[in-house]
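What follows is a single structure, written as structure tokens, with notes after it.
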Amino acid sequence: MPSLGLRPGKRVFIETYGCQMNLADSELMGGILSTRGYGAASSLEEADVILINTCAVRERAEERVFGRLSYLLRYKHERPEIVLGVTGCMAERMREDIITRAPYVDLVIGPDAYRRLPELLEKCQLEESDPVIDVRLDKEETYEGLVHARQAGVGGWITVQRGCDKFCSFCIVPFVRGRERGVSPGDILRQCQELAERGFKEVTLLGQTVNSYKHEGLDFSDLLLEVAKVDGLERIRFTSPYPIDFTPKLIETMATTDKICKYLHLPVQSGSDAVLERMRRGYTVAQYHALVEQIREAMPGIAMSTDVIVGFPGESEEDYEQTLALLQSVRYDFAYLFKYSEREGTHAARKLPEDVLEDEKGRRLRHLIEVQEAISQEIFTGLIGQTYQVLVEGPSKRDQAQYCGRTDAFKMTVFDLIEGMELAPGQLVDVRITDATSHTLRGQMVIA
């Protein structure tokens, strides 16, 4: 990811790992630094400060960061004055391990310390040996009123809720991001208007359990209706909602508001009641199915995706088969499928010893992927012959003669232009689907 971001003559490069919330936080850090006179580095070679913004949800992501830090040590060998920092969730969770395994790191800060980033960087310049560490959680911090250094594009992210109160037994997020707190509607709308004025056509509202949003009497449905009033924004998305907080009011708001995309990412995690109980998810498979039915009844044809974890402690073959059956029953358009990764400090790590072998986790995951790929292929292929509106992102990376963008249902679509026509990012065009893989639609632009 390009850099965002030190004082006149100093430049910062921010590299981001993890989810959309991490990308939004990188834009936040870039904005904070830019308002204090810092410049932006377009490459690692020209950077005076390198910040790695991290994720702590899975062990694999953390190991990738340690590998990246080892690689970046070369830049400090070449220029010892470079400041190398680790920010975000992994910094919050593993501050001692980072200093032990990467003692050359100068700065370690958690998700609630970004407002203090300029002062912390200046402190790094003054302290020649000890790393600067700030991992204090702040139950009030929502970064209201700050500028974001947003990357150019057609869609932008806005964090509307920070932290999480659910404490699922496998999840580290409440421990590294703190408790739930909503950003004020006024600040969210300010950011939406800024996006629209810069030509963004789509906004994605972000929160760990985004539909749990509340602020001084407003709920998430109320917020969506206010965002829909912003002139210039054509599409509204949100992620990730929590099943038990998905209300009939929210379903009705989605169904009756044209700007809200008819696509929903609804994490289920498991198809077994026994596993869901150990995960502390707060719902049963039957309740989840009932919610899906209500959503599809209100919005026939809505596209859906989910998250699933296999190999959770105590997951039997029967539990796994129930998860498999849920995928086949719900028929998600696509799914994010993972092996269980123990997170130190969570309830599962303390009380639920891992008893599913890694080889077995791998087998279950591979099979689940095969089943979901087949379902996705059937769904995508079933769209051939239909015409959908696509929000143009730009030329296709594989073939500059073609363009690409996403449908309302979040499906990536690569298409040929009508001869003699030119397109710009942000345009909405009609595309007739002529072919499909399990991940991508292909088609031909048509005149409506």
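Just so we're on the same page: first chain in the structure tokens is A, next is B, and so on; residues restart at 1 for each chain, and ligands are numbered from 1 in the order they show up.
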Give me, as JSON lines, each residue of segment 249-335 of chain A that comes within 12 Å of segment 366-374 of chain A, together with its shortest interatomic pair and the distance in Å at one decimal, counting only C-alpha atoms, with rows ordered by chain and rising residue number.
```
{"residue": "A:Ser270", "atom": "CA", "partner": "A:Leu368", "partner_atom": "CA", "distance": 11.7}
{"residue": "A:Ser305", "atom": "CA", "partner": "A:Gln372", "partner_atom": "CA", "distance": 10.6}
{"residue": "A:Thr306", "atom": "CA", "partner": "A:Gln372", "partner_atom": "CA", "distance": 10.9}
{"residue": "A:Asp307", "atom": "CA", "partner": "A:Gln372", "partner_atom": "CA", "distance": 11.8}
{"residue": "A:Val308", "atom": "CA", "partner": "A:Leu368", "partner_atom": "CA", "distance": 9.4}
{"residue": "A:Ile309", "atom": "CA", "partner": "A:Leu368", "partner_atom": "CA", "distance": 10.2}
{"residue": "A:Val310", "atom": "CA", "partner": "A:Leu368", "partner_atom": "CA", "distance": 8.8}
{"residue": "A:Gly311", "atom": "CA", "partner": "A:Leu368", "partner_atom": "CA", "distance": 11.7}
{"residue": "A:Tyr320", "atom": "CA", "partner": "A:Leu368", "partner_atom": "CA", "distance": 9.3}
{"residue": "A:Glu321", "atom": "CA", "partner": "A:Leu368", "partner_atom": "CA", "distance": 9.7}
{"residue": "A:Gln322", "atom": "CA", "partner": "A:Leu368", "partner_atom": "CA", "distance": 11.4}
{"residue": "A:Thr323", "atom": "CA", "partner": "A:Leu368", "partner_atom": "CA", "distance": 8.7}
{"residue": "A:Leu324", "atom": "CA", "partner": "A:Leu368", "partner_atom": "CA", "distance": 6.6}
{"residue": "A:Ala325", "atom": "CA", "partner": "A:Val371", "partner_atom": "CA", "distance": 10.1}
{"residue": "A:Leu326", "atom": "CA", "partner": "A:Gln372", "partner_atom": "CA", "distance": 10.8}
{"residue": "A:Leu327", "atom": "CA", "partner": "A:Gln372", "partner_atom": "CA", "distance": 7.1}
{"residue": "A:Gln328", "atom": "CA", "partner": "A:Val371", "partner_atom": "CA", "distance": 7.9}
{"residue": "A:Ser329", "atom": "CA", "partner": "A:Gln372", "partner_atom": "CA", "distance": 11.2}
{"residue": "A:Val330", "atom": "CA", "partner": "A:Gln372", "partner_atom": "CA", "distance": 10.8}
{"residue": "A:Arg331", "atom": "CA", "partner": "A:Gln372", "partner_atom": "CA", "distance": 8.1}
{"residue": "A:Tyr332", "atom": "CA", "partner": "A:Gln372", "partner_atom": "CA", "distance": 7.8}
{"residue": "A:Asp333", "atom": "CA", "partner": "A:Gln372", "partner_atom": "CA", "distance": 8.4}
{"residue": "A:Phe334", "atom": "CA", "partner": "A:Gln372", "partner_atom": "CA", "distance": 6.9}
{"residue": "A:Ala335", "atom": "CA", "partner": "A:Gln372", "partner_atom": "CA", "distance": 7.1}
```
May I have all residues of segment 33-257 of chain A that DSSP, computed from the backbone, assigns to alpha helix (DSSP H), given as number ranges by chain?
A: 33-34, 59-78, 89-93, 95-101, 117-126, 173-177, 185-197, 220-227, 248-256
Could you please determine the separation between atom CA of Phe338 of chain A and atom CA of Met304 of chain A in Å, to one decimal place?
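Pair atom CA of Phe338 of chain A / atom CA of Met304 of chain A returns 17.6 Å.
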Residues flagged strand (DSSP E or B) by DSSP in segment 123-317 of chain A, as a PyMOL selection string:
chain A and resi 132-134+155-159+161-162+181-182+202-206+214-215+218-219+235-239+260+263-265+269+303-310
Go ahead and dump the residues you just picked, C-alpha atoms, as a JSON list (two decimals), in the first residue's frame.
```json
[["chain", "number", "residue", "atom", "x", "y", "z"],
["A", 132, "VAL", "CA", 8.81, 4.20, 22.47],
["A", 133, "ILE", "CA", 5.71, 2.26, 23.56],
["A", 134, "ASP", "CA", 2.11, 3.50, 23.90],
["A", 155, "GLY", "CA", -15.11, 3.74, -2.63],
["A", 156, "GLY", "CA", -14.10, 4.89, 0.85],
["A", 157, "TRP", "CA", -14.23, 3.42, 4.35],
["A", 158, "ILE", "CA", -15.57, 5.14, 7.44],
["A", 159, "THR", "CA", -15.18, 3.61, 10.89],
["A", 161, "GLN", "CA", -17.81, 2.04, 15.74],
["A", 162, "ARG", "CA", -14.60, 1.08, 17.53],
["A", 181, "ARG", "CA", -18.09, 3.05, 21.33],
["A", 182, "GLY", "CA", -19.86, 4.73, 18.47],
["A", 202, "GLU", "CA", -19.49, 4.36, -2.54],
["A", 203, "VAL", "CA", -18.98, 4.27, 1.22],
["A", 204, "THR", "CA", -18.50, 1.26, 3.48],
["A", 205, "LEU", "CA", -19.37, 1.76, 7.15],
["A", 206, "LEU", "CA", -17.05, -0.23, 9.41],
["A", 214, "LYS", "CA", -25.66, 3.27, 19.08],
["A", 215, "HIS", "CA", -25.07, 6.94, 19.78],
["A", 218, "LEU", "CA", -29.68, 6.66, 17.28],
["A", 219, "ASP", "CA", -29.25, 3.08, 16.16],
["A", 235, "ARG", "CA", -23.89, 3.08, -2.83],
["A", 236, "ILE", "CA", -23.73, 2.26, 0.88],
["A", 237, "ARG", "CA", -22.21, -0.92, 2.30],
["A", 238, "PHE", "CA", -21.38, -2.02, 5.83],
["A", 239, "THR", "CA", -19.37, -4.72, 7.56],
["A", 260, "ILE", "CA", -28.02, 0.45, 0.44],
["A", 263, "TYR", "CA", -25.25, -7.60, -0.34],
["A", 264, "LEU", "CA", -24.66, -8.79, 3.20],
["A", 265, "HIS", "CA", -21.66, -10.31, 4.95],
["A", 269, "GLN", "CA", -18.52, -19.19, 12.27],
["A", 303, "ALA", "CA", -26.11, -11.76, -2.17],
["A", 304, "MET", "CA", -24.62, -13.14, 1.02],
["A", 305, "SER", "CA", -21.21, -14.15, 2.34],
["A", 306, "THR", "CA", -19.96, -15.37, 5.70],
["A", 307, "ASP", "CA", -17.02, -16.31, 7.93],
["A", 308, "VAL", "CA", -16.45, -19.90, 9.09],
["A", 309, "ILE", "CA", -13.85, -21.35, 11.46],
["A", 310, "VAL", "CA", -13.03, -25.07, 11.33]]
```
What does the distance between atom CA of Leu357 of chain A and atom CA of Arg64 of chain A come to in Å, to one decimal place?
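The value is 22.6 Å.
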For each of A:Ile188, A:Leu223, A:Val176, A:Ala409, take the minimum atom-to-atom distance to Gly301 of chain A, counting only C-alpha atoms, then give the residue where this is smallest.
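Residue with the minimum atom-to-atom distance to Gly301 of chain A: A:Ala409.
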What's around segment 344-348 of chain A at 8 Å? Count only C-alpha atoms, leave out sequence neighbours fewer than 5 positions away in its own chain, and write the answer as number ranges by chain.
A: 169-172, 279, 313, 353
Could those selected residues go to a file with N, CA and C atoms, as a short mmCIF file (atom, residue, chain, number, x, y, z; two decimals), in the first residue's frame?
```
data_model
loop_
_atom_site.label_atom_id
_atom_site.label_comp_id
_atom_site.auth_asym_id
_atom_site.auth_seq_id
_atom_site.Cartn_x
_atom_site.Cartn_y
_atom_site.Cartn_z
N SER A 169 -15.47 -16.40 22.41
CA SER A 169 -14.39 -17.07 23.15
C SER A 169 -13.10 -17.19 22.36
N PHE A 170 -13.17 -17.09 21.03
CA PHE A 170 -11.97 -17.24 20.19
C PHE A 170 -11.34 -15.91 19.81
N CYS A 171 -11.99 -14.78 20.12
CA CYS A 171 -11.63 -13.50 19.50
C CYS A 171 -10.82 -12.60 20.43
N ILE A 172 -9.77 -12.04 19.88
CA ILE A 172 -8.87 -11.16 20.63
C ILE A 172 -9.27 -9.69 20.53
N MET A 279 -18.18 -21.20 21.38
CA MET A 279 -17.66 -19.94 20.84
C MET A 279 -18.28 -18.71 21.51
N PRO A 313 -11.78 -25.91 19.17
CA PRO A 313 -11.68 -26.94 20.22
C PRO A 313 -13.00 -27.68 20.44
N PRO A 353 -8.76 -26.44 25.59
CA PRO A 353 -7.52 -26.93 24.97
C PRO A 353 -7.75 -27.42 23.55
#
```
Can you pull out every residue within 8 Å of segment 419-429 of chain A, counting only C-alpha atoms, but drop anything in the same chain fewer than 4 positions away, and send it as a list of chain:residue names?
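Non-adjacent residues within range: A:Gly153, A:Val154, A:Gly199, A:Phe200, A:Lys201, A:Gln389, A:Val390, A:Leu391, A:Val392, A:Glu393, A:Gly394, A:Met445, A:Val446.
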If you keep N, CA and C atoms, can you produce a file of those selected residues as an mmCIF file, in the first residue's frame?
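To be explicit, this is the file written out as part24.cif:
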```cif
data_model
loop_
_atom_site.group_PDB
_atom_site.id
_atom_site.type_symbol
_atom_site.label_atom_id
_atom_site.label_comp_id
_atom_site.auth_asym_id
_atom_site.auth_seq_id
_atom_site.Cartn_x
_atom_site.Cartn_y
_atom_site.Cartn_z
ATOM 1 N N GLY A 153 -9.907 6.757 -5.278
ATOM 2 C CA GLY A 153 -10.680 5.598 -5.699
ATOM 3 C C GLY A 153 -12.142 5.958 -5.816
ATOM 4 N N VAL A 154 -12.962 4.956 -5.974
ATOM 5 C CA VAL A 154 -14.398 5.201 -6.105
ATOM 6 C C VAL A 154 -15.131 4.879 -4.814
ATOM 7 N N GLY A 199 -15.450 12.985 -5.013
ATOM 8 C CA GLY A 199 -15.827 12.145 -6.137
ATOM 9 C C GLY A 199 -16.027 10.683 -5.826
ATOM 10 N N PHE A 200 -15.940 10.295 -4.550
ATOM 11 C CA PHE A 200 -16.221 8.904 -4.196
ATOM 12 C C PHE A 200 -17.708 8.635 -4.384
ATOM 13 N N LYS A 201 -18.013 7.470 -4.914
ATOM 14 C CA LYS A 201 -19.406 7.113 -5.171
ATOM 15 C C LYS A 201 -19.955 6.088 -4.171
ATOM 16 N N GLN A 389 -25.848 -3.419 -13.132
ATOM 17 C CA GLN A 389 -25.164 -2.121 -13.081
ATOM 18 C C GLN A 389 -23.835 -2.293 -12.352
ATOM 19 N N VAL A 390 -22.772 -1.800 -12.941
ATOM 20 C CA VAL A 390 -21.421 -1.956 -12.394
ATOM 21 C C VAL A 390 -20.836 -0.573 -12.111
ATOM 22 N N LEU A 391 -20.254 -0.425 -10.931
ATOM 23 C CA LEU A 391 -19.543 0.804 -10.587
ATOM 24 C C LEU A 391 -18.104 0.656 -11.057
ATOM 25 N N VAL A 392 -17.712 1.447 -12.028
ATOM 26 C CA VAL A 392 -16.408 1.301 -12.677
ATOM 27 C C VAL A 392 -15.280 1.691 -11.723
ATOM 28 N N GLU A 393 -14.297 0.798 -11.581
ATOM 29 C CA GLU A 393 -13.109 1.088 -10.778
ATOM 30 C C GLU A 393 -11.941 1.519 -11.647
ATOM 31 N N GLY A 394 -11.888 1.019 -12.883
ATOM 32 C CA GLY A 394 -10.815 1.393 -13.803
ATOM 33 C C GLY A 394 -10.490 0.254 -14.736
ATOM 34 N N MET A 445 -20.313 -4.382 -21.944
ATOM 35 C CA MET A 445 -21.068 -3.177 -21.634
ATOM 36 C C MET A 445 -22.195 -2.991 -22.653
ATOM 37 N N VAL A 446 -23.365 -2.581 -22.167
ATOM 38 C CA VAL A 446 -24.510 -2.371 -23.037
ATOM 39 C C VAL A 446 -25.130 -1.017 -22.748
#
```
Given the choices A:Gly30, A:Gly178, A:Gly443, A:Pro103, which gets closest to Asp416 of chain A if the distance is worked out from only C-alpha atoms?
A:Gly443
So what do you get for atom CA of Thr440 of chain A versus atom CA of Thr209 of chain A, distance-wise?
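Value for the atom CA of Thr440 of chain A-atom CA of Thr209 of chain A distance: 27.8 Å.
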Using only C-alpha atoms, find each residue in segment 163-272 of chain A having at least one atom no more than 12 Å away from segment 111-128 of chain A; report its shortest atom-to-atom pair and that distance in Å (one decimal), rows by chain then rising number, as CSV.
```
residue,atom,partner,partner_atom,distance
A:Gly163,CA,A:Pro111,CA,9.8
A:Val173,CA,A:Pro111,CA,10.9
A:Pro174,CA,A:Pro111,CA,11.7
A:Phe175,CA,A:Pro111,CA,11.1
A:Val176,CA,A:Pro111,CA,7.6
A:Arg177,CA,A:Pro111,CA,6.4
A:Gly178,CA,A:Asp112,CA,8.8
A:Arg179,CA,A:Asp112,CA,11.5
```
Please provide the set of residues having any atom within 7 Å of segment 50-53 of chain A, restricted to only C-alpha atoms, with same-chain residues fewer than 6 positions apart removed, written as an mmCIF file with N, CA and C atoms, in the first residue's frame.
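Dumped to out_10.cif:
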```
data_model
loop_
_atom_site.group_PDB
_atom_site.id
_atom_site.type_symbol
_atom_site.label_atom_id
_atom_site.label_comp_id
_atom_site.auth_asym_id
_atom_site.auth_seq_id
_atom_site.Cartn_x
_atom_site.Cartn_y
_atom_site.Cartn_z
ATOM 1 N N VAL A 12 7.002 9.504 5.420
ATOM 2 C CA VAL A 12 6.541 8.283 6.086
ATOM 3 C C VAL A 12 5.922 7.319 5.084
ATOM 4 N N PHE A 13 6.205 6.048 5.286
ATOM 5 C CA PHE A 13 5.583 4.989 4.489
ATOM 6 C C PHE A 13 4.815 4.079 5.446
ATOM 7 N N ILE A 14 3.504 3.914 5.219
ATOM 8 C CA ILE A 14 2.673 3.048 6.059
ATOM 9 C C ILE A 14 2.270 1.819 5.255
ATOM 10 N N GLU A 15 2.570 0.661 5.803
ATOM 11 C CA GLU A 15 2.229 -0.611 5.166
ATOM 12 C C GLU A 15 1.169 -1.297 6.017
ATOM 13 N N THR A 16 0.098 -1.746 5.402
ATOM 14 C CA THR A 16 -1.064 -2.219 6.145
ATOM 15 C C THR A 16 -1.306 -3.714 5.969
ATOM 16 N N TYR A 17 -1.569 -4.383 7.104
ATOM 17 C CA TYR A 17 -1.953 -5.794 7.111
ATOM 18 C C TYR A 17 -3.321 -5.909 7.777
ATOM 19 N N ASN A 22 -8.256 -1.839 9.428
ATOM 20 C CA ASN A 22 -6.836 -1.496 9.466
ATOM 21 C C ASN A 22 -6.489 -0.501 8.359
ATOM 22 N N SER A 26 -4.994 3.215 8.832
ATOM 23 C CA SER A 26 -3.811 3.735 8.145
ATOM 24 C C SER A 26 -4.112 5.099 7.525
ATOM 25 N N VAL A 83 13.188 5.576 11.425
ATOM 26 C CA VAL A 83 12.314 5.116 12.507
ATOM 27 C C VAL A 83 11.441 3.983 11.970
ATOM 28 N N LEU A 84 11.493 2.826 12.624
ATOM 29 C CA LEU A 84 10.678 1.675 12.244
ATOM 30 C C LEU A 84 9.662 1.414 13.348
ATOM 31 N N GLY A 85 8.397 1.461 13.014
ATOM 32 C CA GLY A 85 7.351 1.300 14.018
ATOM 33 C C GLY A 85 6.344 0.228 13.680
ATOM 34 N N VAL A 86 5.761 -0.350 14.729
ATOM 35 C CA VAL A 86 4.667 -1.303 14.594
ATOM 36 C C VAL A 86 3.451 -0.701 15.278
ATOM 37 N N THR A 87 2.349 -0.608 14.540
ATOM 38 C CA THR A 87 1.126 -0.021 15.077
ATOM 39 C C THR A 87 -0.018 -1.016 14.991
ATOM 40 N N GLY A 88 -1.108 -0.726 15.697
ATOM 41 C CA GLY A 88 -2.320 -1.519 15.540
ATOM 42 C C GLY A 88 -2.482 -2.648 16.541
#
```
Please provide the set of residues having any atom within 10 Å of Lys76 of chain A, restricted to only C-alpha atoms, with same-chain residues fewer than 4 positions apart removed, written as an NGL selection string.
:A and (48 or 72 or 80-84 or 104-105)
Write out as JSON, numbers by chain the residues lying within 12 Å of Arg442 of chain A, counting only C-alpha atoms and excluding same-chain residues fewer than 2 positions away.
{"A": [380, 381, 383, 384, 385, 386, 387, 388, 390, 396, 402, 403, 404, 405, 406, 407, 411, 412, 413, 414, 415, 416, 417, 431, 432, 433, 434, 435, 436, 437, 438, 439, 440, 444, 445]}
Please write the residues from the selection above to a file, keeping C-alpha atoms, as a PDB file, in the first residue's frame.
```pdb
ATOM      1  CA  PHE A 380     -22.042 -16.994 -10.573  1.00  0.00           C
ATOM      2  CA  THR A 381     -22.747 -19.127 -13.653  1.00  0.00           C
ATOM      3  CA  LEU A 383     -26.067 -14.979 -13.664  1.00  0.00           C
ATOM      4  CA  ILE A 384     -24.979 -15.435 -17.290  1.00  0.00           C
ATOM      5  CA  GLY A 385     -27.377 -13.639 -19.592  1.00  0.00           C
ATOM      6  CA  GLN A 386     -28.445 -11.113 -16.949  1.00  0.00           C
ATOM      7  CA  THR A 387     -27.582  -7.407 -17.028  1.00  0.00           C
ATOM      8  CA  TYR A 388     -26.252  -5.636 -13.931  1.00  0.00           C
ATOM      9  CA  VAL A 390     -21.421  -1.956 -12.394  1.00  0.00           C
ATOM     10  CA  SER A 396      -8.553  -4.383 -15.656  1.00  0.00           C
ATOM     11  CA  GLN A 402     -11.072  -4.168 -20.530  1.00  0.00           C
ATOM     12  CA  TYR A 403     -12.562  -2.416 -17.519  1.00  0.00           C
ATOM     13  CA  CYS A 404     -13.593  -3.751 -14.131  1.00  0.00           C
ATOM     14  CA  GLY A 405     -15.869  -2.842 -11.256  1.00  0.00           C
ATOM     15  CA  ARG A 406     -18.360  -4.322  -8.828  1.00  0.00           C
ATOM     16  CA  THR A 407     -22.056  -4.942  -9.008  1.00  0.00           C
ATOM     17  CA  LYS A 411     -19.309  -9.227  -7.496  1.00  0.00           C
ATOM     18  CA  MET A 412     -16.154  -8.260  -9.355  1.00  0.00           C
ATOM     19  CA  THR A 413     -17.013  -7.845 -13.033  1.00  0.00           C
ATOM     20  CA  VAL A 414     -14.578  -7.553 -15.934  1.00  0.00           C
ATOM     21  CA  PHE A 415     -16.128  -6.280 -19.159  1.00  0.00           C
ATOM     22  CA  ASP A 416     -15.518  -5.103 -22.709  1.00  0.00           C
ATOM     23  CA  LEU A 417     -16.453  -1.567 -23.697  1.00  0.00           C
ATOM     24  CA  VAL A 431     -23.023  -4.899 -18.223  1.00  0.00           C
ATOM     25  CA  ARG A 432     -24.531  -8.054 -19.710  1.00  0.00           C
ATOM     26  CA  ILE A 433     -22.886 -11.138 -18.196  1.00  0.00           C
ATOM     27  CA  THR A 434     -21.452 -13.561 -20.737  1.00  0.00           C
ATOM     28  CA  ASP A 435     -19.204 -15.803 -18.626  1.00  0.00           C
ATOM     29  CA  ALA A 436     -18.275 -16.485 -15.014  1.00  0.00           C
ATOM     30  CA  THR A 437     -15.795 -18.156 -12.694  1.00  0.00           C
ATOM     31  CA  SER A 438     -16.443 -18.866  -9.016  1.00  0.00           C
ATOM     32  CA  HIS A 439     -15.076 -15.399  -8.166  1.00  0.00           C
ATOM     33  CA  THR A 440     -15.527 -13.132 -11.190  1.00  0.00           C
ATOM     34  CA  GLN A 444     -20.064  -6.751 -22.306  1.00  0.00           C
ATOM     35  CA  MET A 445     -21.068  -3.177 -21.634  1.00  0.00           C
TER      36      MET A 445
END
```
Return the single residue from A:Gly282, A:Pro267, A:Arg350, A:Cys192 that is closest to Leu337 of chain A, with distances computed using only C-alpha atoms.
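For Leu337 of chain A, the nearest of the given residues is A:Pro267.
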Could you tell me which of A:Gly382, A:Glu342, A:Gly271, A:Tyr75 comes closest to Ser43 of chain A if we count only C-alpha atoms?
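So, comparing all the options, the nearest one is A:Tyr75.
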